[in-house]
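Heads up: the structure comes next, in structure tokens.
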Amino acid sequence: MNHQLLVAILILSPLIGFLLNGVRFKHTNYIAAGAIATTAVFLSFVCSVLLFMDLVNAPENQRTIAVGFYEWFSVDKFTINVGFVVDQISSIMILIITGVGSLIHLFSIGYMHHDKGVTKYFAYLNLFVFNMLLLVLGDSLLTMFVGWEGVGLCSYLLIGFWFNDAAKAAAGMKAFITNRVGDAAFIIGMFILFATFGTLNIHELNALAPTTMEASWLGAVTLGTLMLFIGATGKSAQIPLYVWLPDAMAGPTPVSALIHAATMVTAGVYMIVRLNPLFVVAPNTMMVIAVIGAATAVMAATIGLTQYDIKKVLAYSTVSQLGYMFLAVGVGAFGAGMFHLMTHAFFKALMFLGSGSVIHGMHEEQDIRKMGGLKKYMPITHITFLLGWLAIIGMPPFSGFFSKDEILWQAYSSPRGHVLLWVAGAIGAGLTAFYMTRLMALTFWGTSRVDKHVHPHESGSLMTIPLIVLAILSVIGGWVGIPHVISESFGHIPNYWEHWLSPLMTKLPELAENAHGGHSAAEEWALMGISVSIASISALTAFVMYLKKGDAPKKFVEAIGPVYKAVYNKYFVDEFYFASIINPLVTGSRNLWYYVDVNVIDKATYKATDLVRGGGSFVRSLQNGNMQQYALYIIAGVAITLSLVLMR
Amino acid sequence: MPDISILTTITPNHYLVLSACLFMIGVAGVLLRRNLIVLFMSIELMLNAVNLSFVTFSHSFGKVDGQVMVFFVMTIAAAEAAVGLALAVSIFKRFKEVNIRFFEHLKG
């Protein structure tokens with residue numbers, strides 16, 4: 001089929017779904033709303049698959065479908081066209097977005113059926129998918145930015161979906177404002193790149209990327225990419241702008257799965273992979289990205305250890321896993337970053353939907369202290385969640401193992417990597433295994449602490465089918481990228497992933513000098529063994545602590561009292577931001593309002609009005625209806641005229 | 001015997017000065033007095049001051065034009081007095097007074 005038509009259907013179908021649901025947003029028929037929205041996204045998924053098959057069948061050097069639609073605007077020689085590119089990178093993204101998106105839409109029909117705003121909900125969800133597609137397919141940074149802002153808007157709308165609750169509305173605003181900080185940097189980054197290269201077209205930018213490394217911190221490419229990365233820290237919840245994501249859990253759970261785990265938050269990683277030729281020539285930016293990614297991975301994981309809200313644990317886990325992706329792209333392993341992006345989309349969407357199923361079955365209970373023993377009541381949710389758990393803690397042969405291991409290996413072996421980055425990654429993996437096992441133990445295993453009045457039940461098939469599909473993907477999703485050392489031992493299974501992406505991935509120039517990076521297969525096996533054993537030991541420790549020795553966690557917490565308190569309160573980062581940025585801003589604005597606005601600007605305008613009013617009342621006093629006064633004016637006029645005439 | 005020639009020799013200027021004085025008295029009356037009747041009297045005074053100057057010029061130039069004008073002025077003054085007095089009467093009927101300020105009530 002015609003590619004232009006396919007891409008048009010792919011992008012417009014969710015938009016039409018949004019319009020259909022949007023004009024009838026007050027209806028409460030969840031079947032109709034859900035059917036429209038799910039069909040719209042599923043249609044996009046079908047188009048994505050067709051496009052992907054075309055790419056697969058195309059010769060390797062022609063795997064790019066670029067379609068132009070119309071000229072957006074043109075200023076002097078600078079023209080922005082609305083065009084879309086489906087290539088190796090974006091085809092994977094659209095498959096994830098529309099595929100996982102369809103499953104989550106399906107799940108939402110079951111999850112949101114009792115909600116009065118269900119039609120509005122599906123309208124927002126479709127609008128989100130539309131904007132996300134715009135973001136990943138746009139062929140210029142500007143088109144990408146439209147989607148980038150659009151997904152931010154939808155995220156805000158959906159976090160604050162239950163806006164009658166002030167806390168949830170505030171969470172939405174927090175997400176929006178925090179993202180705005182990053183977006184400002186993103187715009188500055190675009191300015192810098194445009195000033196340097198004179199174009200915003202991604203393909204042209206990549207082609208124009210200089211071939212020599214830029215050593216200076218103040219070079220145009222370094223500054224531009226650094227600014228884009230700051231934009232990515234906002235959207236993808238990295239230090240220092242990650243604070244909005246845990247609060248974003250105020251939204252409906254399928255939203256958390258779609259927007260705040262699988263798709264939108266990975267936009268930053270995607271953007272960097274898209275522009276990888278530019279990032280490669282800015283080693284300083286890459287270093288910043290790797291360090292921030294590793295730091296976020298560890299820090300968010302430690303906070304995840306202490307949370308009791310099932311969604312908060314998953315939220316911090318998401319922040320931490322996103323840190324891994326940034327670590328990967330920061331050491332130049334763009335393929336590994338995309339790989340983890342995909343596997344993470346599977347298992348984290350699965351776990352969020354699983355938690356949604358739990359919350360649904362527990363009648364809106366989110367506190368894992370009031371759960372336990374749910375295995376018995378929710379067998380399907382338990383099994384699928386279990387598979388997600390195995391994937392995220394990196395057990396072979398589940399998907400998370402392959403992607404996380406690839407990242408850890410690259411962090412160690414890449415010329416831009418460092419052994420410390422690997423250590424941070426390994427610690428993060430251990431922490432991940434611990435908090436995920438804790439979550440499993442407290443939620444599904446052990447004795448039930450469920451309130452007597454709550455009767456947990458398994459969710460309906462609309463909700464379990466997406467869980468099952470995602471569970472299968474979480475298991476097998478990693479098999480497309482089996483590392484060489486393993487595949488060589490098991491007969492040659494090709495690494496499809498690397499092969500697929502390699503035409504668009506810039507090789508690090510350092511690698512050319514030293515083809516294998518000076519690392520042996522034995523090293524890779526050893527690191528793999530270490531990370532798997534760290535994860536296993538830590539998972540086992542958590543298992544024993546939370547299931548066998550009931551008071552062990554309590555004792556441990558008491559032993560490290562102040563540290564625990566700091567971690568439990570998220571290192572007081574929110575408080576710090578309030579004290580250092582938000583409150584000074586508020587106080588400053590209030591002072592501006594009081595001293596400048598009220599006392600200077602208002603007074604000036606009042607004085608102006610007084611002047612006009614004074615002048616007006618003087619003129620009015622001339623026209624007061626007193627005839628004798630009028631006569632006086634006439635006589636005065638005559639007298640003045642006469643005296644002028646006579647004295648001349 | 002004092003020289004009274006200056007008193008006996010009355011030139012047109014004397015008439016004109018008298019006319020100006022009368023006119024200014026009339027103006028002052030119009031501007032300062034509040035009673036409608038007095039106002040009309042002041043207006044009559046101004047008109048007659050003008051009449052005086054007309055007659056003076058007519059006499060000194062030896063033409064009758066000025067005197068013809070005076071007849072016109074006198075008829076108009078009569079008409080004006082008739083209308084004005086009618087107004088004064090209607091004001092008096094309503095407010096039991098003929099103060100000029102009551103005309104302010106005519107303001108739209």
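Chain labels A, B, ... are given in the sequence in which chains occur in the structure tokens; within each chain residues are numbered consecutively from 1, and ligands are likewise numbered from 1 in the order shown.
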Within 12 Å of chain A, which residues of chain B show up? Give each one with its shortest atom-to-atom distance in Å (one decimal) and the two atoms involved, counting only C-alpha atoms, rows by chain then rising residue number, as CSV.
residue,atom,partner,partner_atom,distance
B:Phe23,CA,A:Ile635,CA,11.7
B:Met24,CA,A:Ile635,CA,10.4
B:Gly26,CA,A:Ile635,CA,11.9
B:Val27,CA,A:Ile635,CA,8.3
B:Ala28,CA,A:Leu632,CA,9.5
B:Gly29,CA,A:Gln628,CA,10.0
B:Val30,CA,A:Gln628,CA,6.9
B:Leu31,CA,A:Gln628,CA,5.3
B:Leu32,CA,A:Gln628,CA,7.7
B:Arg33,CA,A:Gln628,CA,8.8
B:Arg34,CA,A:Gln628,CA,8.7
B:Asn35,CA,A:Gln628,CA,11.4
B:Leu36,CA,A:Gln628,CA,11.1
B:Leu39,CA,A:Gln628,CA,9.9
B:Ile43,CA,A:Ala631,CA,11.7
B:Asn99,CA,A:Gln628,CA,11.8
B:Ile100,CA,A:Met627,CA,8.2
B:Arg101,CA,A:Asn626,CA,7.2
B:Phe102,CA,A:Asn626,CA,9.8
B:Phe103,CA,A:Met627,CA,8.4
B:Glu104,CA,A:Gly625,CA,5.8
B:His105,CA,A:Gly625,CA,9.0
B:Leu106,CA,A:Gly625,CA,9.0
B:Lys107,CA,A:Gly625,CA,6.9
B:Gly108,CA,A:Gly625,CA,9.9
For Leu47 in chain B, work out the shell of residues within 10 Å, counting only C-alpha atoms and skipping chain neighbours fewer than 4 positions away, then give it as number ranges by chain. B: 19, 22-23, 26, 41-43, 51-52, 70, 73-74, 76-77
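Residues in contact with Glu498 in chain A at up to 9 Å, not including ones fewer than 5 positions away on its chain and judged by only C-alpha atoms, are Gly335, Ala336, Val480 and Gly481 of chain A.
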Pairwise distance, CA of Gly430 in chain A with CA of Ser320 in chain A, equals 11.9 Å
Pick from A:Ser621, A:Asn591, A:Gly34, A:Leu442, whichever lies nearest to Phe543 in chain A using only C-alpha atoms: A:Leu442
Extract, using only C-alpha atoms, all DNA, RNA and protein residues at most 12 Å from Met53 in chain A, discarding same-chain residues fewer than 3 positions from it, and format them as an MDAnalysis selection string. chainID A and resid 1 3 46:50 56:59 63 65 86:88 91:92 95
Using only C-alpha atoms, please write the residues we just selected to a file, as a compact mmCIF listing (two decimals), in the first residue's frame.
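Below you can see part.txt, which holds the result:
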# COMPACT_ATOMS: atom_id res chain seq x y z
CA MET A 1 0.00 0.00 0.00
CA HIS A 3 3.30 4.63 2.27
CA VAL A 46 -1.96 -2.50 12.03
CA CYS A 47 -0.43 0.34 9.98
CA SER A 48 2.72 0.16 12.09
CA VAL A 49 3.04 -3.55 11.45
CA LEU A 50 2.53 -3.06 7.71
CA VAL A 56 12.04 -5.59 6.82
CA ASN A 57 11.50 -6.55 3.20
CA ALA A 58 13.39 -3.55 1.89
CA PRO A 59 17.11 -3.85 1.15
CA ARG A 63 15.10 1.04 5.15
CA ILE A 65 10.27 5.65 4.54
CA VAL A 86 9.71 5.68 9.47
CA ASP A 87 13.08 4.06 9.82
CA GLN A 88 14.73 1.41 11.97
CA SER A 91 9.43 1.85 13.45
CA ILE A 92 10.27 0.15 16.75
CA LEU A 95 5.22 -0.61 17.28
Nearest-residue call for Leu134 in chain A, choices A:Ile11, A:Ile530, A:Ala250, A:Leu226, using only C-alpha atoms: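 Distance minimum relative to Leu134 in chain A lands on A:Ile11.
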Option closest in space to Leu127 in chain A, from A:Asn21, A:Asn29, A:Asn284, A:Ser216 [counting only C-alpha atoms]: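 Closest residue, counting only C-alpha atoms: A:Asn21.
Computed from the coordinates, the CA of Arg449 in chain A to CA of Pro252 in chain A distance equals 24.4 Å.
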Using only C-alpha atoms for the distances, tell me which of B:Ile37, B:Gly66, B:Thr9, B:Glu44 is nearest to Val89 in chain B. B:Ile37
Taking into account only C-alpha atoms, which residue in the set A:Asn276, A:Asn201, A:Gln410, A:Gln62 is nearest to Tyr324 in chain A?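 Comparing A:Asn276, A:Asn201, A:Gln410, A:Gln62 against Tyr324 in chain A, the winner is A:Gln410.
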Write out as a list in words the residues lying within 12 Å of Asp65 in chain B, counting only C-alpha atoms and excluding same-chain residues fewer than 5 positions away.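 The contact residues come out as Asn51, Phe54, Val55, Thr56, Phe57, Ser58, His59, Ser60, Val70, Phe71 and Phe72 of chain B.
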Residues just named, written with C-alpha atoms as a PDB file, in the first residue's frame:
ATOM      1  CA  ASN B  51     -29.672 102.760  20.866  1.00  0.00           C
ATOM      2  CA  PHE B  54     -26.837 104.597  17.193  1.00  0.00           C
ATOM      3  CA  VAL B  55     -28.535 107.924  17.623  1.00  0.00           C
ATOM      4  CA  THR B  56     -25.227 109.624  18.392  1.00  0.00           C
ATOM      5  CA  PHE B  57     -23.593 108.343  15.238  1.00  0.00           C
ATOM      6  CA  SER B  58     -26.701 109.178  13.214  1.00  0.00           C
ATOM      7  CA  HIS B  59     -26.531 112.697  14.496  1.00  0.00           C
ATOM      8  CA  SER B  60     -22.821 113.198  13.988  1.00  0.00           C
ATOM      9  CA  VAL B  70     -33.170 102.139  16.738  1.00  0.00           C
ATOM     10  CA  PHE B  71     -36.780 101.496  15.746  1.00  0.00           C
ATOM     11  CA  PHE B  72     -35.909  97.948  14.929  1.00  0.00           C
TER      12      PHE B  72
END
